[in-house]
Amino acid sequence: MTTRLEHNVADTRFEIYLDDTLAGYADYAQRDDPKVRDFQHTMTFPEFRGRGVAAEVVEYALQDSRDNGYSIIPTCWYVEKYITEHREYADLVG
């Protein structure tokens, strides 16, 4: 099974594909002054649940945010939980 992660700028979301099928995403609202991404919702489609899809797409989204100088607002409960469990991303919360 192949995994592909993408930043879909047009739809303001990070997506994860398994074998070229959209398996889930994390969507956000973005401000550029200051640079903030508010992660509002994480979705894993039912047939892909239990495979770590949400964790993988959230990690990708957080790393992309860090790499591009954004702080994070974890409105989505899953993003908040992920950051609590992966303290290396706690510094992103603004």
# chains A, B, ... in the order shown; residues from 1 in each chain; ligands from 1
call {"tool": "select_by_dssp", "arguments": {"residues": "chain A", "states": "alpha helix (DSSP H)", "output": "number ranges by chain"}}
result
A: 53-67, 77-85
call {"tool": "closest_atom_pairs", "arguments": {"of": "stretch 26-75 of chain A", "to": "stretch 2-7 of chain A", "cutoff": "10 Å", "atoms": "only C-alpha atoms", "output": "Markdown table"}}
result
| residue | atom | partner | partner_atom | distance |
| --- | --- | --- | --- | --- |
| A:Ala26 | CA | A:His7 | CA | 9.6 |
| A:Asp27 | CA | A:His7 | CA | 9.9 |
| A:Val53 | CA | A:Thr3 | CA | 9.6 |
| A:Glu56 | CA | A:Leu5 | CA | 8.6 |
| A:Val57 | CA | A:Leu5 | CA | 7.0 |
| A:Tyr60 | CA | A:Leu5 | CA | 7.4 |
| A:Ala61 | CA | A:His7 | CA | 7.9 |
| A:Asp64 | CA | A:His7 | CA | 8.6 |
call {"tool": "closest_residue", "arguments": {"among": "A:Gln30, A:Thr44, A:Arg49, A:Tyr82", "to": "A:Ser65", "atoms": "only C-alpha atoms"}}
result
A:Gln30
call {"tool": "atom_distance", "arguments": {"atom1": "atom CA of A:Lys81", "atom2": "atom CA of A:Gln63"}}
result
15.9 Å
call {"tool": "closest_residue", "arguments": {"among": "A:Glu88, A:Val79, A:Arg66, A:Ala29", "to": "A:Asp11", "atoms": "only C-alpha atoms"}}
result
A:Ala29
